[in-house]
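Enquirer: Sharing a structure, written as structure tokens. Questions coming.
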There are 2 protein chains.
Amino acid sequence: MSILVVGSVALDSVETPFGSAERVIGGSGVFFSAAASLLCPVRLVAVVGDDYPFEKLEFLSDRGVDLSGVERAEGESFFWAGRYSDDMNSRDTLETRLGVFGDFKPRVPDAHRDSRYVFLGNVDPVLQLEVVEQVRNPASVICDTMNYWIEGSREALVELLKHVDILMVNDEEARQLAGEHNLLKAASWIQDRGPTHVVVKKGEHGAILFGPDQIFFVPGFPLEVIFDPTGAGDAFAGGFVGHLASVDSQEPDDLRRAMVYGSVMGSFAVESFSVDRFRSLTEAEILQRVLKFQEMTAFEHQLVESDG
Amino acid sequence: MSILVVGSVALDSVETPFGSAERVIGGSGVFFSAAASLLCPVRLVAVVGDDYPFEKLEFLSDRGVDLSGVERAEGESFFWAGRYSDDMNSRDTLETRLGVFGDFKPRVPDAHRDSRYVFLGNVDPVLQLEVVEQVRNPASVICDTMNYWIEGSREALVELLKHVDILMVNDEEARQLAGEHNLLKAASWIQDRGPTHVVVKKGEHGAILFGPDQIFFVPGFPLEVIFDPTGAGDAFAGGFVGHLASVDSQEPDDLRRAMVYGSVMGSFAVESFSVDRFRSLTEAEILQRVLKFQEMTAFEHQLVESDG
């Protein structure tokens with residue numbers, strides 16, 4: 001099954017304690033596609049400026065990312081520059097230039113309107129809704145958002161939620177959207193407004209799936225070095241939606257596995273700058289890490305005889 | 001198997017958004033014993049002042065906590081008063097009076113020196129070492145500590161670590177002790193100094209077991225209401241050590257189950273003031289929550305056929 005994704009295709013300049021990278025490819029659409037395309041075909045809807053090094057996206061099309069929905073507009077591409085703190089727990093945005101992304105009107109190519117899985121990357125909820133309306137009969141709409149839209153476009157966002165099956169946010173965003181500190185209650189507030197499932201990402205602490213009939217936890221993968229956290233959340237989404245689309249199912253067990261694939265892809269994303277880790281990543285390496293997650297979380301219950 | 005525990009027996013006055021409790025029984029020794037005694041016999045070494053409502057500890061002795069090691073000294077009992085923030089994520093200490101606890105010299109009764117499992121609650125590492133030296137041949141020494149001792153008694157603490165099998169700390173304490181932000185590296189630093197295992201407690205985010213041959217994650221149990229977080233860490237320790245002692249084993253699978261029992265007991269602790277939730281807690285309720293943890297973390301791996 002193909003995934004349709006709308007998201008940013010950007011140039012990032014990143015400084016971390018381990019080094020720096022200048023104008024490398026990034027953005028939610030790129031990180032999502034790099035991860036998801038290892039699991040199933042992807043169709044990307046985005047816009048870039050005429051300065052974009054389009055040839056650098058070739059490795060994506062080589063592995064099944066359809067770039068025909070990436071519009072090339074006159075002007076500058078979306079540019080972001082940031083610097084991470086020494087402990088990698090916070091980052092300062094040094095510069096953001098929206099460029100052609102500021103006037104982005106996502107157009108889903110006719111050939112892509114039959115997409116069964118739709119991932120709405122973190123853009124204006126008004127645009128996200130326009131994308132949903134262009135897809136004929138999706139099996140699942142998965143949606144990301146951020147504090148900027150929760151604060152500034154709350155009405156549009158709540159309207160959008162009616163069309164969303166799975167909302168994917170971090171813990172602070174979930175709390176802010178619901179106006180509720182308790183995550184269980186915050187998820188329930190969101191579920192009352194459309195999505196059957198809420199995925200709450202908690203960075204190094206892993207992620208939680210809240211569904212109508214289950215709650216499922218996946219930890220963050222323990223790494224000795226977090227080289228560059230940029231794009232981890234989008235890679236998580238890529239692994240999550242990629243797995244669902246590859247099995248074309250949203251059964252509870254498939255959603256659990258999707259959470260694990262999400263956490264696996266997020267953990268690979270942070271091992272290099274940009275999407276570099278995904279260039280060489282093999283099916284065997286992915287599988288190995290999935291099994292590692294199982295090893296780190298599985299326990300057998302046994303009845304304990306109290307001798308007290 | 002019996003557990004020997006040294007820890008505080010205190011009176012707590014607690015204010016939370018849900019109400020307040022005045023001079024209720026608390027302290028690491030009490031929370032630990034209340035949880036662990038549901039799984040196996042406990043021997044408590046502690047001191048109280050002559051103002052202590054000793055009869056309030058009777059429910060503990062009724063269920064197998066040997067209080068003969070609790071010394072009654074002239075003077076005031078350890079008293080702590082605190083107030084939690086509205087979101088329960090922080091607390092202010094309003095008052096701490098050490099009382100007789102300030103001159104505490106733990107004496108392990110002769111009859112208790114054969115204890116196989118020893119839990120060193122959060123007291124001065126010099127006293128913790130004295131306790132270890134009084135026990136003849138323990139199968140496992142499990143130790144808690146806090147930032148106060150890490151800062152002020154580092155040398156004594158590092159010396160103590162040579163005698164500790166499992167160090168149980170929160171994530172900030174692990175980082176501070178090791179001088180290392182990355183948790184994997186911090187655990188490894190600690191393991192190089194004695195303990196074979198490190199349990200890192202992360203509050204609502206669960207806990208991680210770092211062992212020589214495994215890493216195991218257990219999430220925090222999702223609760224709609226955190227009534228009073230006081231004692232959750234000590235109740236976690238009670239569930240953890242209680243399980244190990246009840247099966248008298250430290251095999252990898254038993255350590256995993258111990259982590260789950262820890263998280264289960266921690267989750268019950270926060271449902272009421274003081275140790276009230278443990279008064280009525282049944283084996284069936286404990287088992288039910290253990291199974292819930294399994295339900296929330298288990299996933300089956302399956303090979304995914306990529307159609308890309």
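Simple scheme: letters A, B, ... for chains in structure tokens order, numbers from 1 for residues in each chain, numbers from 1 for ligands in the order shown.
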Residues of chain B no more than 7 Å from chain A, counting only C-alpha atoms: send them over as a PDB file with N, CA and C atoms, in the first residue's frame.

Expert:
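Resulting contents of part_33.pdb:
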```pdb
ATOM      1  N   LEU B  39       4.631  -9.385  49.651  1.00  0.00           N
ATOM      2  CA  LEU B  39       5.284 -10.427  48.846  1.00  0.00           C
ATOM      3  C   LEU B  39       6.137 -11.374  49.676  1.00  0.00           C
ATOM      4  N   CYS B  40       6.673 -10.907  50.799  1.00  0.00           N
ATOM      5  CA  CYS B  40       7.522 -11.774  51.649  1.00  0.00           C
ATOM      6  C   CYS B  40       7.764 -11.105  52.997  1.00  0.00           C
ATOM      7  N   PRO B  41       8.315 -11.848  53.968  1.00  0.00           N
ATOM      8  CA  PRO B  41       8.548 -11.272  55.304  1.00  0.00           C
ATOM      9  C   PRO B  41       9.617 -10.174  55.264  1.00  0.00           C
ATOM     10  N   GLY B  64       3.537  -9.499  58.767  1.00  0.00           N
ATOM     11  CA  GLY B  64       4.850 -10.106  58.646  1.00  0.00           C
ATOM     12  C   GLY B  64       6.029  -9.161  58.640  1.00  0.00           C
ATOM     13  N   ASP B  87       0.337  20.374  39.175  1.00  0.00           N
ATOM     14  CA  ASP B  87       0.499  19.283  38.209  1.00  0.00           C
ATOM     15  C   ASP B  87       1.251  18.102  38.828  1.00  0.00           C
ATOM     16  N   HIS B 181      25.792  12.603  31.315  1.00  0.00           N
ATOM     17  CA  HIS B 181      24.383  12.797  30.996  1.00  0.00           C
ATOM     18  C   HIS B 181      23.750  11.550  30.381  1.00  0.00           C
ATOM     19  N   ASN B 182      24.487  10.875  29.514  1.00  0.00           N
ATOM     20  CA  ASN B 182      23.920   9.699  28.839  1.00  0.00           C
ATOM     21  C   ASN B 182      23.695   8.561  29.838  1.00  0.00           C
ATOM     22  N   LEU B 184      23.004   5.326  29.536  1.00  0.00           N
ATOM     23  CA  LEU B 184      23.736   4.083  29.287  1.00  0.00           C
ATOM     24  C   LEU B 184      25.146   4.181  29.860  1.00  0.00           C
ATOM     25  N   LYS B 185      25.794   5.311  29.574  1.00  0.00           N
ATOM     26  CA  LYS B 185      27.163   5.502  30.049  1.00  0.00           C
ATOM     27  C   LYS B 185      27.189   5.687  31.563  1.00  0.00           C
ATOM     28  N   HIS B 205       7.686   8.107  33.782  1.00  0.00           N
ATOM     29  CA  HIS B 205       8.232   7.490  32.565  1.00  0.00           C
ATOM     30  C   HIS B 205       8.707   6.056  32.795  1.00  0.00           C
ATOM     31  N   ILE B 215      19.172  -5.209  29.199  1.00  0.00           N
ATOM     32  CA  ILE B 215      18.538  -3.949  29.559  1.00  0.00           C
ATOM     33  C   ILE B 215      17.046  -4.230  29.506  1.00  0.00           C
ATOM     34  N   PHE B 216      16.308  -3.764  30.514  1.00  0.00           N
ATOM     35  CA  PHE B 216      14.873  -4.026  30.544  1.00  0.00           C
ATOM     36  C   PHE B 216      14.133  -2.753  30.944  1.00  0.00           C
ATOM     37  N   PHE B 217      13.081  -2.460  30.208  1.00  0.00           N
ATOM     38  CA  PHE B 217      12.274  -1.270  30.466  1.00  0.00           C
ATOM     39  C   PHE B 217      10.925  -1.658  31.040  1.00  0.00           C
ATOM     40  N   VAL B 218      10.469  -0.907  32.015  1.00  0.00           N
ATOM     41  CA  VAL B 218       9.081  -1.043  32.443  1.00  0.00           C
ATOM     42  C   VAL B 218       8.482   0.363  32.461  1.00  0.00           C
ATOM     43  N   PRO B 219       7.293   0.536  31.882  1.00  0.00           N
ATOM     44  CA  PRO B 219       6.701   1.872  31.885  1.00  0.00           C
ATOM     45  C   PRO B 219       6.111   2.208  33.251  1.00  0.00           C
ATOM     46  N   PRO B 222      -0.230   3.932  33.784  1.00  0.00           N
ATOM     47  CA  PRO B 222      -1.007   5.146  33.512  1.00  0.00           C
ATOM     48  C   PRO B 222      -2.200   5.267  34.460  1.00  0.00           C
ATOM     49  N   GLU B 224      -5.307   7.893  36.035  1.00  0.00           N
ATOM     50  CA  GLU B 224      -6.049   9.144  35.801  1.00  0.00           C
ATOM     51  C   GLU B 224      -5.785  10.148  36.916  1.00  0.00           C
ATOM     52  N   SER B 246      11.030 -13.142  47.380  1.00  0.00           N
ATOM     53  CA  SER B 246       9.970 -14.158  47.416  1.00  0.00           C
ATOM     54  C   SER B 246      10.333 -15.359  46.538  1.00  0.00           C
ATOM     55  N   ASP B 253      15.249 -13.318  34.216  1.00  0.00           N
ATOM     56  CA  ASP B 253      13.787 -13.260  34.119  1.00  0.00           C
ATOM     57  C   ASP B 253      13.149 -12.816  35.434  1.00  0.00           C
ATOM     58  N   ARG B 256      13.517  -9.087  35.706  1.00  0.00           N
ATOM     59  CA  ARG B 256      12.489  -8.418  34.895  1.00  0.00           C
ATOM     60  C   ARG B 256      11.162  -8.360  35.640  1.00  0.00           C
ATOM     61  N   ARG B 257      10.758  -9.495  36.174  1.00  0.00           N
ATOM     62  CA  ARG B 257       9.488  -9.516  36.907  1.00  0.00           C
ATOM     63  C   ARG B 257       9.557  -8.600  38.129  1.00  0.00           C
ATOM     64  N   MET B 296       0.277  -4.088  28.285  1.00  0.00           N
ATOM     65  CA  MET B 296       0.651  -2.775  27.766  1.00  0.00           C
ATOM     66  C   MET B 296       2.004  -2.752  27.089  1.00  0.00           C
ATOM     67  N   THR B 297       2.752  -3.856  27.171  1.00  0.00           N
ATOM     68  CA  THR B 297       4.108  -3.824  26.627  1.00  0.00           C
ATOM     69  C   THR B 297       4.404  -4.956  25.648  1.00  0.00           C
ATOM     70  N   ALA B 298       3.581  -5.997  25.645  1.00  0.00           N
ATOM     71  CA  ALA B 298       3.907  -7.161  24.829  1.00  0.00           C
ATOM     72  C   ALA B 298       3.590  -6.917  23.357  1.00  0.00           C
ATOM     73  N   PHE B 299       4.476  -7.368  22.493  1.00  0.00           N
ATOM     74  CA  PHE B 299       4.159  -7.395  21.068  1.00  0.00           C
ATOM     75  C   PHE B 299       4.847  -8.592  20.454  1.00  0.00           C
ATOM     76  N   SER B 306       7.906  -6.424   2.469  1.00  0.00           N
ATOM     77  CA  SER B 306       7.815  -5.111   1.839  1.00  0.00           C
ATOM     78  C   SER B 306       7.275  -5.284   0.425  1.00  0.00           C
ATOM     79  N   ASP B 307       6.321  -4.433   0.062  1.00  0.00           N
ATOM     80  CA  ASP B 307       5.827  -4.493  -1.318  1.00  0.00           C
ATOM     81  C   ASP B 307       6.446  -3.358  -2.119  1.00  0.00           C
ATOM     82  N   GLY B 308       7.509  -2.785  -1.597  1.00  0.00           N
ATOM     83  CA  GLY B 308       8.138  -1.633  -2.272  1.00  0.00           C
ATOM     84  C   GLY B 308       9.349  -2.061  -3.086  1.00  0.00           C
TER      85      GLY B 308
END
```

Enquirer: Tell me, as a JSON list (two decimals) with N, CA and C atoms, in the first residue's frame, which residues lie within 7 Å of Asn170 of chain B, counting only C-alpha atoms; anything in the same chain fewer than 2 positions away does not count.

Expert:
```
[["chain", "number", "residue", "atom", "x", "y", "z"],
["B", 172, "GLU", "N", 18.19, 11.54, 37.44],
["B", 172, "GLU", "CA", 19.07, 12.67, 37.76],
["B", 172, "GLU", "C", 20.19, 12.25, 38.70],
["B", 173, "GLU", "N", 19.87, 11.38, 39.66],
["B", 173, "GLU", "CA", 20.89, 10.90, 40.59],
["B", 173, "GLU", "C", 21.95, 10.06, 39.87],
["B", 174, "ALA", "N", 21.51, 9.22, 38.94],
["B", 174, "ALA", "CA", 22.46, 8.41, 38.17],
["B", 174, "ALA", "C", 23.42, 9.31, 37.40],
["B", 200, "VAL", "N", 17.29, 2.44, 37.20],
["B", 200, "VAL", "CA", 17.07, 3.88, 37.09],
["B", 200, "VAL", "C", 15.57, 4.15, 37.06],
["B", 201, "LYS", "N", 15.09, 4.82, 38.10],
["B", 201, "LYS", "CA", 13.67, 5.15, 38.19],
["B", 201, "LYS", "C", 13.41, 6.50, 37.51],
["B", 202, "LYS", "N", 12.38, 6.56, 36.69],
["B", 202, "LYS", "CA", 12.09, 7.79, 35.95],
["B", 202, "LYS", "C", 10.68, 8.31, 36.21]]
```

Enquirer: Which neighbours of Pro212 of chain A fall inside 12 Å, counting only C-alpha atoms, when residues of the same chain fewer than 6 positions from it are skipped, and could you give them as a list in words?

Expert: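 My list of contacting residues is Asp165, Ile166, Leu184, Ala187, Ser188, Ile190, Gln191, Asp192, Gly194, Pro195, Thr196, His197, Val198, Glu251 and Pro252 of chain A.
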
Enquirer: Pick out the residues sitting within 12 Å of Phe78 of chain B, and hand them over as a PyMOL selection string; count only C-alpha atoms, and ignore anything fewer than 6 positions along from it in its own chain.

Expert: chain B and resi 7-13+23-29+46-52+72+95-104

Enquirer: Interatomic distance between atom CA of Val199 of chain B and atom CA of Asn122 of chain B?

Expert: 14.6 Å

Enquirer: So which residues of segment 117-261 of chain B fall under strand (DSSP E) by DSSP, listed as a ChimeraX atom specification?

Expert: /B:117-120,140-144,166-170,197-201,207-210,215-218

Enquirer: For those residues, write C-alpha atoms to a file as an mmCIF file, in the first residue's frame.

Expert:
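Output (again.cif):
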```cif
data_model
loop_
_atom_site.group_PDB
_atom_site.id
_atom_site.type_symbol
_atom_site.label_atom_id
_atom_site.label_comp_id
_atom_site.auth_asym_id
_atom_site.auth_seq_id
_atom_site.Cartn_x
_atom_site.Cartn_y
_atom_site.Cartn_z
ATOM 1 C CA TYR B 117 18.172 -9.703 51.011
ATOM 2 C CA VAL B 118 19.176 -6.292 52.305
ATOM 3 C CA PHE B 119 17.610 -3.015 51.243
ATOM 4 C CA LEU B 120 19.540 0.092 52.240
ATOM 5 C CA SER B 140 21.872 -9.389 47.391
ATOM 6 C CA VAL B 141 22.361 -5.853 48.721
ATOM 7 C CA ILE B 142 20.076 -3.293 47.087
ATOM 8 C CA CYS B 143 20.795 0.363 47.774
ATOM 9 C CA ASP B 144 19.002 3.683 47.335
ATOM 10 C CA ILE B 166 21.921 -3.355 42.794
ATOM 11 C CA LEU B 167 21.918 0.430 42.957
ATOM 12 C CA MET B 168 18.464 1.975 42.671
ATOM 13 C CA VAL B 169 18.393 5.684 41.847
ATOM 14 C CA ASN B 170 16.431 8.126 39.748
ATOM 15 C CA HIS B 197 22.820 -3.968 38.199
ATOM 16 C CA VAL B 198 21.546 -0.409 38.165
ATOM 17 C CA VAL B 199 17.840 0.385 38.352
ATOM 18 C CA VAL B 200 17.075 3.880 37.092
ATOM 19 C CA LYS B 201 13.671 5.153 38.194
ATOM 20 C CA ALA B 207 12.184 2.535 35.080
ATOM 21 C CA ILE B 208 15.142 0.872 33.368
ATOM 22 C CA LEU B 209 17.189 -2.080 34.567
ATOM 23 C CA PHE B 210 20.798 -2.086 33.375
ATOM 24 C CA ILE B 215 18.538 -3.949 29.559
ATOM 25 C CA PHE B 216 14.873 -4.026 30.544
ATOM 26 C CA PHE B 217 12.274 -1.270 30.466
ATOM 27 C CA VAL B 218 9.081 -1.043 32.443
#
```

Enquirer: Between B:Leu60, B:Leu94, B:Val6, B:Ala81, which residue has the minimum interatomic distance to Asp124 of chain B, considering only C-alpha atoms?

Expert: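 Answer, going by the shortest atom-to-atom distance: B:Val6.
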
Enquirer: What does the distance between atom CA of Ala73 of chain A and atom CA of Phe59 of chain A come to in Å, to one decimal place?

Expert: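 Atom-to-atom, atom CA of Ala73 of chain A to atom CA of Phe59 of chain A, that is 21.6 Å.
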
Enquirer: For atom CA of Val45 of chain A and atom CA of Val70 of chain A, determine how far apart the two atoms are, in Å to one decimal place.

Expert: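 Computing the Euclidean distance for atom CA of Val45 of chain A and atom CA of Val70 of chain A yields 5.2 Å.
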
Enquirer: Which of segment 32-154 of chain A end up as helix (DSSP H, G or I) when DSSP is run on this backbone - answer as an MDAnalysis selection string?

Expert: chainID A and resid 32:36 54:62 99:103 110:112 125:134 147:152 154
